[in-house]
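Below is structure37.tsv, which holds TSV, C-alpha atoms.
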```
chain	number	residue	atom	x	y	z
S	1150	MET	CA	0.00	0.00	0.00
S	1151	SER	CA	2.82	2.40	0.86
S	1152	ARG	CA	4.58	1.69	-2.45
S	1153	GLN	CA	1.33	2.25	-4.31
S	1154	LEU	CA	0.72	5.58	-2.57
S	1155	LEU	CA	4.29	6.64	-3.28
S	1156	GLN	CA	3.89	5.87	-6.98
S	1157	GLN	CA	0.58	7.74	-7.11
S	1158	SER	CA	2.21	10.70	-5.39
S	1159	LYS	CA	4.95	10.78	-8.01
S	1160	GLU	CA	2.37	10.61	-10.79
S	1161	TRP	CA	0.40	13.46	-9.18
S	1162	VAL	CA	3.50	15.66	-8.95
S	1163	LYS	CA	4.36	14.99	-12.60
S	1164	ALA	CA	0.76	15.68	-13.63
S	1165	ILE	CA	0.83	19.05	-11.88
S	1166	GLU	CA	4.14	19.95	-13.52
S	1167	GLY	CA	2.93	18.77	-16.94
S	1168	ASN	CA	-0.37	20.65	-16.84
S	1169	ILE	CA	0.63	23.85	-15.04
S	1170	ALA	CA	1.01	25.76	-18.32
S	1171	VAL	CA	-2.67	25.24	-19.17
S	1172	THR	CA	-3.98	25.75	-15.62
S	1173	PRO	CA	-6.03	28.99	-15.31
S	1174	VAL	CA	-4.00	31.64	-13.50
S	1175	HIS	CA	-6.64	32.09	-10.80
S	1176	GLU	CA	-6.36	28.37	-9.94
S	1177	LEU	CA	-2.56	28.17	-9.69
S	1178	ILE	CA	-2.24	28.77	-5.95
S	1179	VAL	CA	-4.89	26.20	-5.09
S	1180	ALA	CA	-3.45	23.73	-7.62
S	1181	LEU	CA	-0.07	23.91	-5.86
S	1182	SER	CA	-1.52	23.41	-2.39
S	1183	GLY	CA	0.50	20.62	-0.81
S	1184	PHE	CA	2.75	20.34	-3.88
S	1185	GLY	CA	5.96	21.05	-1.98
S	1186	LEU	CA	5.20	18.56	0.78
S	1187	ILE	CA	4.13	15.76	-1.56
S	1188	HIS	CA	7.15	16.37	-3.83
S	1189	ARG	CA	9.47	16.05	-0.83
S	1190	ILE	CA	7.80	12.82	0.30
S	1191	ALA	CA	7.63	11.29	-3.19
S	1192	PHE	CA	11.09	12.23	-4.45
S	1193	ARG	CA	12.91	12.95	-1.17
S	1194	THR	CA	14.00	16.32	-2.53
S	1195	PRO	CA	12.49	19.83	-2.24
S	1196	ALA	CA	10.29	21.01	-5.07
S	1197	SER	CA	11.81	23.52	-7.46
S	1198	SER	CA	11.72	26.95	-5.87
S	1199	ALA	CA	11.75	28.51	-9.35
S	1200	PHE	CA	8.71	26.44	-10.34
S	1201	ILE	CA	6.59	27.32	-7.32
S	1202	GLY	CA	7.81	30.91	-7.13
S	1203	GLY	CA	7.16	31.44	-10.82
S	1204	CYS	CA	3.56	30.25	-10.48
S	1205	TYR	CA	2.91	32.40	-7.42
S	1206	LEU	CA	4.50	35.44	-9.08
S	1207	LYS	CA	2.30	34.89	-12.12
S	1208	SER	CA	-0.73	34.84	-9.82
S	1209	PHE	CA	0.42	38.02	-8.08
S	1210	ASN	CA	0.88	39.90	-11.35
S	1211	GLU	CA	-2.51	38.74	-12.57
S	1212	ARG	CA	-4.16	39.90	-9.33
S	1213	MET	CA	-2.46	43.30	-9.66
S	1214	ARG	CA	-4.02	43.54	-13.13
S	1215	GLY	CA	-7.41	43.24	-11.47
S	1216	ASN	CA	-8.29	39.55	-11.64
S	1217	MET	CA	-10.63	39.29	-8.66
S	1218	LEU	CA	-10.93	35.51	-9.06
S	1219	ILE	CA	-7.61	35.29	-7.21
S	1220	SER	CA	-8.31	35.31	-3.50
S	1221	ASP	CA	-6.39	37.93	-1.50
S	1222	THR	CA	-6.06	35.51	1.41
S	1223	ASP	CA	-4.70	32.73	-0.84
S	1224	LEU	CA	-2.27	35.19	-2.41
S	1225	TYR	CA	-1.21	36.53	0.99
S	1226	SER	CA	-0.39	33.01	2.20
S	1227	ALA	CA	1.47	32.20	-1.02
S	1228	ILE	CA	3.64	35.32	-0.65
S	1229	SER	CA	4.33	34.45	3.00
S	1230	ASP	CA	5.44	31.00	1.87
S	1231	ARG	CA	7.94	32.40	-0.64
S	1232	ILE	CA	9.26	35.00	1.80
S	1233	GLN	CA	9.83	32.24	4.33
S	1234	PHE	CA	11.95	30.47	1.71
S	1235	ARG	CA	13.91	33.68	1.09
S	1236	ASP	CA	12.72	33.98	-2.52
S	1237	LYS	CA	14.18	37.35	-3.56
S	1238	ALA	CA	11.55	37.86	-6.27
S	1239	PHE	CA	8.98	38.38	-3.51
S	1240	PHE	CA	10.87	40.98	-1.49
S	1241	ASP	CA	9.82	43.87	-3.71
S	1242	LYS	CA	6.26	44.49	-4.91
S	1243	PRO	CA	4.73	41.32	-3.41
S	1244	LEU	CA	6.08	42.17	0.05
S	1245	GLN	CA	4.87	45.77	-0.31
S	1246	TRP	CA	1.41	44.51	-1.27
S	1247	GLN	CA	1.41	42.15	1.71
S	1248	CYS	CA	2.32	44.96	4.14
S	1249	LEU	CA	-0.40	47.22	2.73
S	1250	THR	CA	-2.91	44.37	2.91
S	1251	SER	CA	-1.98	43.65	6.53
S	1252	SER	CA	-2.62	47.30	7.36
S	1253	GLU	CA	-5.93	47.29	5.50
S	1254	TRP	CA	-7.17	44.18	7.28
S	1255	TYR	CA	-6.06	45.43	10.68
S	1256	ASN	CA	-7.74	48.81	10.22
S	1257	GLU	CA	-10.93	47.07	9.10
S	1258	CYS	CA	-11.31	45.14	12.35
S	1259	LYS	CA	-9.21	47.00	14.95
S	1260	SER	CA	-12.19	48.60	16.70
S	1261	THR	CA	-14.67	45.73	16.76
S	1262	GLY	CA	-12.67	42.57	16.03
S	1263	LYS	CA	-14.94	42.05	13.03
S	1264	PHE	CA	-14.39	42.34	9.28
S	1265	LEU	CA	-17.30	44.41	8.02
S	1266	ASN	CA	-16.77	44.09	4.26
S	1267	SER	CA	-16.06	40.38	3.87
S	1268	SER	CA	-17.96	37.11	3.73
S	1269	LEU	CA	-17.65	34.77	6.70
S	1270	GLU	CA	-15.35	32.54	4.64
S	1271	GLN	CA	-12.93	35.38	3.85
S	1272	SER	CA	-13.26	36.87	7.34
S	1273	LEU	CA	-12.15	33.59	8.90
S	1274	HIS	CA	-9.17	33.38	6.55
S	1275	LYS	CA	-8.18	36.99	7.31
S	1276	ALA	CA	-8.58	36.47	11.06
S	1277	ARG	CA	-6.52	33.26	10.92
S	1278	ILE	CA	-3.70	35.06	9.11
S	1279	LEU	CA	-3.68	38.05	11.50
S	1280	LEU	CA	-3.80	35.83	14.58
S	1281	ASP	CA	-0.72	34.00	13.33
S	1282	LYS	CA	1.19	37.18	12.41
S	1283	ASP	CA	3.38	39.48	14.51
S	1284	LEU	CA	1.27	42.66	14.62
S	1285	PHE	CA	3.47	44.73	16.93
S	1286	ALA	CA	3.96	47.34	14.20
S	1287	PHE	CA	0.20	47.97	14.26
S	1288	THR	CA	-0.80	47.25	17.85
S	1289	GLY	CA	2.28	47.96	19.93
S	1290	ARG	CA	1.84	46.53	23.44
S	1291	ASN	CA	-1.82	45.80	22.78
S	1292	GLN	CA	-1.18	42.92	20.39
S	1293	GLU	CA	-2.53	40.17	22.65
S	1294	GLN	CA	-5.53	42.28	23.59
S	1295	PHE	CA	-6.36	42.83	19.93
S	1296	LYS	CA	-5.89	39.16	19.07
S	1297	ARG	CA	-8.09	38.13	21.97
S	1298	MET	CA	-10.85	40.44	20.71
S	1299	LEU	CA	-10.50	39.01	17.20
S	1300	SER	CA	-10.51	35.38	18.29
S	1301	ASP	CA	-13.39	35.94	20.74
S	1302	HIS	CA	-15.50	37.24	17.87
S	1303	TYR	CA	-14.77	34.45	15.39
S	1304	LEU	CA	-14.37	31.34	17.57
S	1305	PRO	CA	-18.15	31.00	18.14
S	1306	SER	CA	-18.78	31.32	14.38
S	1307	ILE	CA	-17.00	28.06	13.52
S	1308	ILE	CA	-19.80	25.94	14.97
S	1309	VAL	CA	-21.59	23.97	12.23
S	1310	ASN	CA	-25.04	25.43	11.60
S	1311	GLY	CA	-26.10	23.35	8.60
S	1312	THR	CA	-26.33	26.20	6.08
S	1313	GLU	CA	-22.67	26.57	5.06
S	1314	ASN	CA	-21.20	25.67	1.70
S	1315	ALA	CA	-18.02	23.62	1.48
S	1316	GLU	CA	-15.71	26.63	1.14
S	1317	THR	CA	-17.05	28.19	4.33
S	1318	LEU	CA	-16.72	24.87	6.16
S	1319	LYS	CA	-13.09	24.63	4.97
S	1320	ALA	CA	-12.44	28.14	6.29
S	1321	LYS	CA	-13.91	27.17	9.65
S	1322	LEU	CA	-11.76	24.04	9.78
S	1323	ALA	CA	-8.59	25.98	8.90
S	1324	PHE	CA	-9.38	28.60	11.56
S	1325	LEU	CA	-9.93	25.92	14.20
S	1326	ARG	CA	-6.71	24.10	13.39
S	1327	SER	CA	-4.68	27.31	13.65
S	1328	ASN	CA	-6.24	28.28	16.97
S	1329	ARG	CA	-6.65	25.12	19.03
S	1330	GLN	CA	-4.88	26.77	21.97
S	1331	ARG	CA	-7.66	29.35	22.23
S	1332	PHE	CA	-10.36	26.80	23.10
S	1333	ASN	CA	-11.44	26.10	26.65
S	1334	SER	CA	-10.55	22.42	26.31
S	1335	ILE	CA	-9.01	19.93	23.92
S	1336	ARG	CA	-12.29	17.99	23.97
S	1337	GLN	CA	-14.25	21.05	22.82
S	1338	ALA	CA	-11.89	21.61	19.88
S	1339	TYR	CA	-12.01	17.90	18.99
S	1340	THR	CA	-15.82	17.80	18.97
S	1341	ILE	CA	-16.11	20.89	16.77
S	1342	GLU	CA	-13.45	19.55	14.40
S	1343	GLN	CA	-15.24	16.21	14.01
S	1344	ASN	CA	-18.52	18.03	13.35
S	1345	LEU	CA	-16.84	20.12	10.64
S	1346	LEU	CA	-15.30	17.05	9.03
S	1347	THR	CA	-18.69	15.31	9.06
S	1348	ALA	CA	-20.37	18.37	7.51
S	1349	LEU	CA	-17.72	18.50	4.79
S	1350	MET	CA	-18.25	14.82	4.02
S	1351	GLN	CA	-21.99	15.42	3.69
S	1352	SER	CA	-21.85	18.73	1.81
S	1353	ASP	CA	-23.20	18.54	-1.76
S	1354	ASP	CA	-20.43	20.79	-3.10
S	1355	THR	CA	-17.51	18.87	-1.57
S	1356	HIS	CA	-15.43	17.17	-4.28
S	1357	GLN	CA	-15.59	13.39	-4.23
S	1358	LEU	CA	-11.86	13.01	-3.53
S	1359	ASP	CA	-12.02	15.65	-0.79
S	1360	ARG	CA	-14.93	13.72	0.71
S	1361	ILE	CA	-12.74	10.61	0.97
S	1362	ALA	CA	-9.90	12.63	2.51
S	1363	TYR	CA	-12.17	14.15	5.17
S	1364	CYS	CA	-13.54	10.70	5.98
S	1365	LEU	CA	-10.03	9.34	6.52
S	1366	ASP	CA	-9.16	12.41	8.58
S	1367	ALA	CA	-12.19	11.93	10.84
S	1368	GLN	CA	-11.49	8.21	11.28
S	1369	PHE	CA	-7.85	8.87	12.15
S	1370	LYS	CA	-8.79	11.45	14.78
S	1371	THR	CA	-11.35	9.08	16.27
S	1372	HIS	CA	-8.72	6.33	16.63
S	1373	LEU	CA	-6.27	8.85	18.04
S	1374	ALA	CA	-8.78	10.04	20.63
S	1375	GLU	CA	-9.55	6.46	21.65
S	1376	ALA	CA	-5.85	5.71	22.04
S	1377	MET	CA	-5.41	8.72	24.31
```
Can the structure in the file be given as structure tokens, please?
Amino acid sequence: MSRQLLQQSKEWVKAIEGNIAVTPVHELIVALSGFGLIHRIAFRTPASSAFIGGCYLKSFNERMRGNMLISDTDLYSAISDRIQFRDKAFFDKPLQWQCLTSSEWYNECKSTGKFLNSSLEQSLHKARILLDKDLFAFTGRNQEQFKRMLSDHYLPSIIVNGTENAETLKAKLAFLRSNRQRFNSIRQAYTIEQNLLTALMQSDDTHQLDRIAYCLDAQFKTHLAEAM
């Protein structure tokens, strides 16, 4: 089974590389999600920095030309990834855009801890990014106070209510997994996470392969909880 998964991983990496030229620009960042990790596991070497950086830079330039199909939160995370890897191509205009975007998001929610001009899906992604970022330049000594206000507002919103689409459920799951330490108990976080995974499995707009992945994820966490 392990050998089979390894071979499939290699085929997936090669398929991404072979089809990237015909992938719509607004889908590049999502298409490369997990690419670096799977490449490292499959081939035991890091993925090409030029390959990933080139795709992300293409997405950035397209977004700057006004393509609103490219999510600002996806682009922000992609730029953070390249900066972490010291990709010099991202230390000019992409970094400037990221700094300006950080300021814009902070100013939008600094008084209330709420994003007023965004959907719940995008609000959760923005909040997750800000909660994980050093905001001293904006908040000074009040950074933890601001982050507490932000998390207090959005933590209750990740409960499954039965009306969300798959993208909103994914945003809730990502927010939970980045902020486990902010829950009152491990059990509370576990219960909410399992409910989100179940909702994603049952959602009509969850891709079939994603549905299988969420099922495996939920089963693994159940076994892990039983073992503990």
Computed gap from CA of Asp1366 in chain S to CA of Ser1158 in chain S is 18.1 Å
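Closest to Thr1312 in chain S among S:Ala1238, S:Ala1367, S:Leu1349, S:Ala1170 is S:Leu1349, based on only C-alpha atoms.
Of the listed residues S:Ile1232, S:Leu1299, S:Val1174, S:Met1217, the one whose atoms come nearest to Tyr1255 in chain S is S:Leu1299, with distances taken using only C-alpha atoms.
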Could you check how far CA of Phe1240 in chain S sits from CA of Glu1166 in chain S, in Å to one decimal?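 Computed distance, CA of Phe1240 in chain S to CA of Glu1166 in chain S, equals 25.1 Å.
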For a quick check of your reading of the model, name the residues lying within 12 Å of the coordinate (-2.2, 38.9, -12.0), counting all atoms listed in the file, and write them as an mmCIF file with C-alpha atoms, in the frame of the given file.
```
data_model
loop_
_atom_site.group_PDB
_atom_site.id
_atom_site.type_symbol
_atom_site.label_atom_id
_atom_site.label_comp_id
_atom_site.auth_asym_id
_atom_site.auth_seq_id
_atom_site.Cartn_x
_atom_site.Cartn_y
_atom_site.Cartn_z
ATOM 1 C CA PRO S 1173 -6.030 28.990 -15.310
ATOM 2 C CA VAL S 1174 -4.000 31.640 -13.500
ATOM 3 C CA HIS S 1175 -6.640 32.090 -10.800
ATOM 4 C CA GLU S 1176 -6.360 28.370 -9.940
ATOM 5 C CA LEU S 1177 -2.560 28.170 -9.690
ATOM 6 C CA ILE S 1178 -2.240 28.770 -5.950
ATOM 7 C CA CYS S 1204 3.560 30.250 -10.480
ATOM 8 C CA TYR S 1205 2.910 32.400 -7.420
ATOM 9 C CA LEU S 1206 4.500 35.440 -9.080
ATOM 10 C CA LYS S 1207 2.300 34.890 -12.120
ATOM 11 C CA SER S 1208 -0.730 34.840 -9.820
ATOM 12 C CA PHE S 1209 0.420 38.020 -8.080
ATOM 13 C CA ASN S 1210 0.880 39.900 -11.350
ATOM 14 C CA GLU S 1211 -2.510 38.740 -12.570
ATOM 15 C CA ARG S 1212 -4.160 39.900 -9.330
ATOM 16 C CA MET S 1213 -2.460 43.300 -9.660
ATOM 17 C CA ARG S 1214 -4.020 43.540 -13.130
ATOM 18 C CA GLY S 1215 -7.410 43.240 -11.470
ATOM 19 C CA ASN S 1216 -8.290 39.550 -11.640
ATOM 20 C CA MET S 1217 -10.630 39.290 -8.660
ATOM 21 C CA LEU S 1218 -10.930 35.510 -9.060
ATOM 22 C CA ILE S 1219 -7.610 35.290 -7.210
ATOM 23 C CA SER S 1220 -8.310 35.310 -3.500
ATOM 24 C CA ASP S 1221 -6.390 37.930 -1.500
ATOM 25 C CA LEU S 1224 -2.270 35.190 -2.410
ATOM 26 C CA PRO S 1243 4.730 41.320 -3.410
#
```
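Reported to one decimal place, the separation of CA of Ile1190 in chain S from CA of Gln1330 in chain S is 28.7 Å.
Among the candidates S:Asp1301, S:Glu1375, S:Asp1236, S:Glu1293, the one nearest to Lys1263 in chain S when counting all atoms listed in the file is S:Asp1301.
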Where's the centre, and what are the edge lengths in Å to one decimal, of a box along x, y and z enclosing all listed atoms of range 1356-1362 of chain S padded 4 Å per side, as lines of an AutoDock Vina configuration file?
```
center_x = -12.7
center_y = 13.9
center_z = -0.9
size_x = 13.7
size_y = 14.6
size_z = 14.8
```
